[in-house]
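Structure record follows, encoded as structure tokens.
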Amino acid sequence: MKIYLSEHANPILVRYLNARGYKISYVYSTSYTYDAVSSHPDIYLCQVGFRKIFYGNAEQLGFEYPDNVKFNAVVMGNYFIHNTHFTSPDLLNEAKRLEKKIINVEQGYTKCNMAVINDSTAITSDKGIAKALESTGIDLLVIEPGHVRLRGQSSGFIGGASGRVGNEMIFHGNLSAHPDFDRIVDFLKKYQCNFKYFEEFELEDIGSIIEA
């Protein structure tokens, strides 16, 4: 299996993935968007349908928010979660073609804000996303915002600092330093999801760990 990963991912995570036989496809910084997120996979990639990846490029993305979030959507089972004002028309049309139920949220950095555990379970720090998903049946753990590093910014998001890889949620850094660590662990155990984090470095948003 392939993992899309920022070039700035910590080498400890890279070694962990390599040891498990994953092929890493690095996302390198571009001039399409501002530096803090310019190597983030979830800015350029969104998977919808079976192994179908949509790619953002210079013609589709703008440098500043919200023009840089056209592919920053979330697919969970039958749901396509995004900001309707910002999403790429091509990506949205594919979601509609596949008859996904479209859920609009105010947060343009939708994927950054959601750590997806499975098709019906996720973690977020965004109360607006939580409210929008109240009637969907998705079980959403809402955690305290912040406590995630993002280069050049005041803070990042839990979704951008994690990803589901195989049967395991992997967190890019020391999840145990997060004030909601115990709640997150209990939530993962509730859904029998294995997890891995790395105490050697700070929890950091790298634009998600995307398995495809």
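Within each chain, counting starts at residue 1; across the structure tokens, chains are named A, B, ... in the order shown, with ligands numbered 1 upward in that order.
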With region 11-26 of chain A as the partner and 9 Å as the cut-off, tabulate the residues of region 114-181 of chain A that qualify, each row holding the nearest pair of atoms and their distance in Å to one decimal, using only C-alpha atoms, sorted by chain and rising number, as a tab-separated table.
```
residue	atom	partner	partner_atom	distance
A:Ile170	CA	A:Leu13	CA	8.9
A:Phe171	CA	A:Leu13	CA	8.9
A:His172	CA	A:Leu13	CA	6.9
A:Gly173	CA	A:Leu13	CA	8.4
```
Contacts of Asp205 (chain A) at 12 Å or less, counting only C-alpha atoms, minus same-chain residues fewer than 2 places along, as a ChimeraX atom specification?
/A:5-6,8-10,36-37,39-42,111-115,146-163,171-175,202-203,207-209
Which distance in Å separates CA of Lys96 (chain A) and CA of Asp139 (chain A), to one decimal?
23.2 Å
Counting only C-alpha atoms, figure out which residue out of A:Ile123, A:Ile138, A:Pro179, A:Arg51 gets nearest to Met1 (chain A).
A:Arg51
Which parts of region 3-167 of chain A does DSSP call strand (DSSP E or B) when run on the backbone here, written out as a ChimeraX atom specification?
/A:3-6,23-27,45-47,53-55,74-76,79-82,101-104,114-118,121-124,139-142,149,162-165
Quick one: pull the distance between CA of Lys70 (chain A) and CA of Ser88 (chain A), Å, one decimal.
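Atom-to-atom, CA of Lys70 (chain A) and CA of Ser88 (chain A) are spaced 4.7 Å apart.
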Any idea what's packed within 8 Å of Gln107 (chain A), counting only C-alpha atoms, ignoring anything in its chain fewer than 3 positions away? Could you give it as a short mmCIF file (atom, residue, chain, number, x, y, z; two decimals) with N, CA and C atoms, in the first residue's frame?
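Output file result_31.cif is given in full below:
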```
data_model
loop_
_atom_site.label_atom_id
_atom_site.label_comp_id
_atom_site.auth_asym_id
_atom_site.auth_seq_id
_atom_site.Cartn_x
_atom_site.Cartn_y
_atom_site.Cartn_z
N HIS A 82 -17.73 18.69 3.56
CA HIS A 82 -16.92 19.72 2.93
C HIS A 82 -17.57 21.08 3.11
N ASN A 83 -16.89 22.13 2.66
CA ASN A 83 -17.49 23.45 2.57
C ASN A 83 -17.92 23.68 1.14
N THR A 110 -11.54 21.18 6.26
CA THR A 110 -12.35 20.10 6.82
C THR A 110 -11.51 18.88 7.18
N ASP A 126 -13.40 20.95 16.07
CA ASP A 126 -14.24 21.99 15.48
C ASP A 126 -15.71 21.75 15.85
N GLY A 128 -18.29 23.44 14.97
CA GLY A 128 -19.17 23.59 13.82
C GLY A 128 -19.32 22.30 13.04
N ILE A 129 -18.21 21.58 12.88
CA ILE A 129 -18.27 20.28 12.23
C ILE A 129 -19.14 19.33 13.05
#
```
